2 protein chains.
Amino acid sequence: MNVTIKDVAKAAGVSVATVSRVLNKSATVSEAAAEQVNNAIKELGYNPNFLGRNLRKCETNVILAILPSTEHSFYNEIIKGMQSAASENGYDILLCTSNSSHSTETRMLGMLYNRTVDAAVMLGTQLSAEELNELNEKHYIAICCERVEGANVLTVTVDDESGAYTAVKNLISLGHRKIAIVSTEGMARSSKDREHGYIKALNEFDIPVREKYIYRGTYDPYNGGKAFEQFMALPEPPTAIFCISDLLAAGTMKKAISSGYKIGEDISVCGFDNIQMCELYNPGITTIEQPAFEIGKTVINELVKNIKQNQKKGRHIKLNYRLIQRESVQKAK
Amino acid sequence: MNVTIKDVAKAAGVSVATVSRVLNKSATVSEAAAEQVNNAIKELGYNPNFLGRNLRKCETNVILAILPSTEHSFYNEIIKGMQSAASENGYDILLCTSNSSHSTETRMLGMLYNRTVDAAVMLGTQLSAEELNELNEKHYIAICCERVEGANVLTVTVDDESGAYTAVKNLISLGHRKIAIVSTEGMARSSKDREHGYIKALNEFDIPVREKYIYRGTYDPYNGGKAFEQFMALPEPPTAIFCISDLLAAGTMKKAISSGYKIGEDISVCGFDNIQMCELYNPGITTIEQPAFEIGKTVINELVKNIKQNQKKGRHIKLNYRLIQRESVQKAK
DNA sequence: CAAATTTGTAATAACGTTTTCATTATAACA
DNA sequence: TGTTATAATGAAAACGTTATTACAAATTTG
């Protein structure tokens, strides 16, 4: 049905091996023969069939990316970075969502076993350290935007603890002493790291950590609003709230505003990630910028490095964050 | 190196054909043999190599999705819908971004020719109707969220014109007569369709269409702000602005607020898409909801239908929108 | 100028499946 | 009991590449 390498060989009057050599520039071919082959290719409109190639070479040049969800909108920028690096290295990205389900994630990782993909990067994972280490023995994998304690796997994140520390220190330097935090529960290590940064900053300035100032829920922005209500019902409500994600910050602010509070004046709110909304929101959201594009780019570059060098070396790369000041955080009164 | 179907056959004491039959339940196999095969599979930890399968069956069960960009944040929900439908039909989604570049898009569509993917869906496209029609002769393709005049290709969109008509009619019914529009220039047919809806609504109520009330730029939210400034500098500034996307609406509102205007009171703003930000924004953004998840689901289901029935039938499916009222639109004074 | 190397090429064996074809064993029928 | 349908299997041929091997021709070397 379709035109194959055989047809090209016949039309060019050479062997299939020679056609393959021209296609891959893998060995010396006489100019005359090469020209005949190229002419035949053009004439017949030949396209190499990658299924044959993949089978023979036992590689697909596809990297699987598993998202826990597509809610978290800063994944966009990470994916862009991944795709940029992938394309530079001759790879494509196969994107899937696991809905944060362990079984779904495992099913998708099956693509490593059935050779549909050459490697996988997980933007957060439900797998345990043991599972990850086992997987890492046989396959090229990486984790991104999240880390797993005890997993000796290629990992790329921002420095979460230090970023949160910087965010909270900024609040303190503006005179805030009553600072609450909206975090998440569950196994996300990054949230815990950001909590640690929060605590570290408080400790440094001899501000006692109050349990009542710590809220933990899901990533749903709605939880920001819920946290706000709880905080404000306290006998001593906070003057500033640090949220471990921008969406939570937006949810917090939305509820604050609709309850009649003035952001910046009555309450300062700081986020984390620097998604597009931070700039567009009213008022602008002060936040810690994650170098999302660079995170994506780095994780793929490092993964490809592992593949090319045929090694499964685990290492944790931490990229730099940046404090971005906008209107949602103001001096304490 | 790896355990193959041959090893399983040997271990089970049957032929590879029988193993294959068990694997695919493609023909009757005696219970005894099936059990032996299954035991061998478990024992050896066998995983079928899809590269072999793909080559033999000449299919990959992968569908390519080409995004013009990842900015447009409502693509998220569409991708989710696509993945849901794909997974139900035994397909995976290979995601790429073209950056709205014709050559990049063409290069990615090369995956159809080299058999890396079985089909492709484009969320907007730079290709001409002729190019699309030609592509559609040989391959399974679809367009989504966008249409191309004269292309007889499977297309799934919301009813753009009718949606915009509804949005503008809502403004009129609230007493607005001076209504501007923020649209985009370029070949996006959906923007034009929404412009037509805008004009249709004005015509119906005998409101003259003024060229000065029409702004066209890119999708960048920044253009919303630019449009706002231009509109407000007019001798007769509008009392309401209809933006053909939520991000443009957010950009418009941000500039309005920072310029001292009160949204809803001084100026009403309406968006289109209903991305997550609409609910979180301050104030909430009135908009036309696109059934993004369903659009994604539908386009994949229809595409798979085409594949299964071995046909390349073009058709345009329009899904229903919904007007969602929030605070950004209020009665005219 | 013979020997040694390099260059260009063809033939062919993989890669791991699925599927067709042929064959045997079993069951059903008259 | 022979004949015919059915069930269960194996052997082998694809699918379209790339890579290895082998060999002839051309070129360089001593």
# chains A, B, ... in the order shown; residues from 1 in each chain; ligands from 1
>>> residues_around(residues="Lys178 of chain A", least_positions_apart="5", cutoff="10 Å", atoms="only C-alpha atoms (C1' of nucleotides)", output="count of residues only")
15
>>> closest_atom_pairs(of="chain D", to="segment 27-30 of chain C", cutoff="8 Å", atoms="only C-alpha atoms (C1' of nucleotides)", output="CSV")
residue,atom,partner,partner_atom,distance
D:DT4,C1',C:DC29,C1',7.7
D:DA5,C1',C:DA28,C1',7.4
D:DT6,C1',C:DA27,C1',7.3
>>> interface_residues(of="chain B", to="chain C", cutoff="7 Å", atoms="only C-alpha atoms (C1' of nucleotides)", output="list of chain:residue names")
B:Thr4, B:Asn49, B:Gly52, B:Arg53, B:Arg56
>>> residues_around(residues="Met253 of chain A", least_positions_apart="2", cutoff="9 Å", atoms="only C-alpha atoms (C1' of nucleotides)", output="PDB file with C-alpha atoms, in the first residue's frame")
ATOM      1  CA  GLY A 224      -8.005  29.634  50.687  1.00  0.00           C
ATOM      2  CA  GLY A 225     -11.361  31.179  51.454  1.00  0.00           C
ATOM      3  CA  PHE A 228      -9.368  32.974  55.707  1.00  0.00           C
ATOM      4  CA  LEU A 248      -4.825  29.390  47.200  1.00  0.00           C
ATOM      5  CA  ALA A 249      -3.815  33.029  47.535  1.00  0.00           C
ATOM      6  CA  ALA A 250      -6.402  34.037  44.957  1.00  0.00           C
ATOM      7  CA  GLY A 251      -9.055  32.031  46.777  1.00  0.00           C
ATOM      8  CA  LYS A 255     -13.104  35.597  50.107  1.00  0.00           C
ATOM      9  CA  ALA A 256     -11.425  38.465  51.966  1.00  0.00           C
ATOM     10  CA  ILE A 257     -12.652  41.018  49.446  1.00  0.00           C
ATOM     11  CA  SER A 258     -16.178  39.674  49.324  1.00  0.00           C
ATOM     12  CA  TYR A 261     -11.667  43.380  53.830  1.00  0.00           C
ATOM     13  CA  ILE A 263      -6.222  43.571  50.716  1.00  0.00           C
ATOM     14  CA  VAL A 269      -1.571  37.979  51.223  1.00  0.00           C
ATOM     15  CA  SER A 328      -1.346  42.312  47.854  1.00  0.00           C
TER      16      SER A 328
ATOM     17  CA  LEU B 280     -11.627  33.969  41.380  1.00  0.00           C
ATOM     18  CA  ASN B 282     -12.232  40.518  41.833  1.00  0.00           C
TER      19      ASN B 282
END
>>> interface_residues(of="chain B", to="chain A", cutoff="8 Å", atoms="only C-alpha atoms", output="NGL selection string")
:B and (47-52 or 54-55 or 58 or 70-71 or 73 or 76-77 or 80 or 83 or 92-97 or 113-116 or 250-251 or 254 or 257 or 277 or 280-282)
>>> atom_distance(atom1="atom CA of Thr218 of chain A", atom2="atom CA of Leu67 of chain A")
16.3 Å
>>> closest_atom_pairs(of="chain D", to="chain A", cutoff="9 Å", atoms="only C-alpha atoms (C1' of nucleotides)", output="JSON lines")
{"residue": "D:DC15", "atom": "C1'", "partner": "A:Gly52", "partner_atom": "CA", "distance": 7.6}
{"residue": "D:DG16", "atom": "C1'", "partner": "A:Gly52", "partner_atom": "CA", "distance": 4.4}
{"residue": "D:DT17", "atom": "C1'", "partner": "A:Gly52", "partner_atom": "CA", "distance": 4.2}
{"residue": "D:DT18", "atom": "C1'", "partner": "A:Arg56", "partner_atom": "CA", "distance": 6.1}
>>> write_last_selection(atoms="C-alpha atoms (C1' of nucleotides)", output="CSV table (one decimal), in the first residue's frame")
chain,number,residue,atom,x,y,z
D,15,DC,C1',5.3,-5.5,9.1
D,16,DG,C1',9.7,-1.7,7.6
D,17,DT,C1',13.4,-0.6,9.3
D,18,DT,C1',18.8,-0.7,10.7
>>> residues_around(residues="Lys318 of chain A", least_positions_apart="4", cutoff="9 Å", atoms="only C-alpha atoms (C1' of nucleotides)", output="PyMOL selection string")
chain A and resi 155-160+295
>>> write_last_selection(atoms="C-alpha atoms", output="PDB file, in the first residue's frame")
ATOM      1  CA  THR A 155      14.715  15.471  40.694  1.00  0.00           C
ATOM      2  CA  VAL A 156      14.321  19.104  39.672  1.00  0.00           C
ATOM      3  CA  THR A 157      12.539  21.625  41.861  1.00  0.00           C
ATOM      4  CA  VAL A 158      12.746  25.162  43.028  1.00  0.00           C
ATOM      5  CA  ASP A 159      14.283  25.564  46.479  1.00  0.00           C
ATOM      6  CA  ASP A 160      10.928  25.385  48.227  1.00  0.00           C
ATOM      7  CA  ILE A 295      12.466  23.666  35.537  1.00  0.00           C
TER       8      ILE A 295
END
>>> atom_distance(atom1="atom CA of Ile288 of chain A", atom2="atom CA of Ala180 of chain A")
16.5 Å
>>> residues_around(residues="Ser183 of chain B", least_positions_apart="6", cutoff="6 Å", atoms="only C-alpha atoms (C1' of nucleotides)", output="ChimeraX atom specification")
/B:215-216,244
>>> write_last_selection(atoms="N, CA and C atoms", output="compact mmCIF listing (two decimals), in the first residue's frame")
# COMPACT_ATOMS: atom_id res chain seq x y z
N TYR B 215 -11.82 46.94 18.68
CA TYR B 215 -10.37 46.86 18.83
C TYR B 215 -9.92 45.46 18.45
N ARG B 216 -8.81 45.40 17.72
CA ARG B 216 -8.28 44.08 17.36
C ARG B 216 -6.79 44.02 17.64
N ILE B 244 -13.58 39.00 23.54
CA ILE B 244 -13.80 37.67 22.97
C ILE B 244 -13.02 36.58 23.71
>>> select_by_dssp(residues="segment 3-220 of chain B", states="strand (DSSP E or B)", output="ChimeraX atom specification")
/B:62-67,92-97,119-122,140-144,154-158,179-184,214-217
>>> select_by_dssp(residues="segment 269-325 of chain A", states="alpha helix (DSSP H)", output="number ranges by chain")
A: 276-280, 292-308
>>> residues_around(residues="Ala164 of chain A", least_positions_apart="3", cutoff="7 Å", atoms="only C-alpha atoms (C1' of nucleotides)", output="list in words")
Asp160, Glu161, Ala167, Val168, Arg194, Gly197 and Tyr198 of chain A
>>> atom_distance(atom1="atom C1' of DG2 of chain D", atom2="atom CA of Val29 of chain B")
28.6 Å
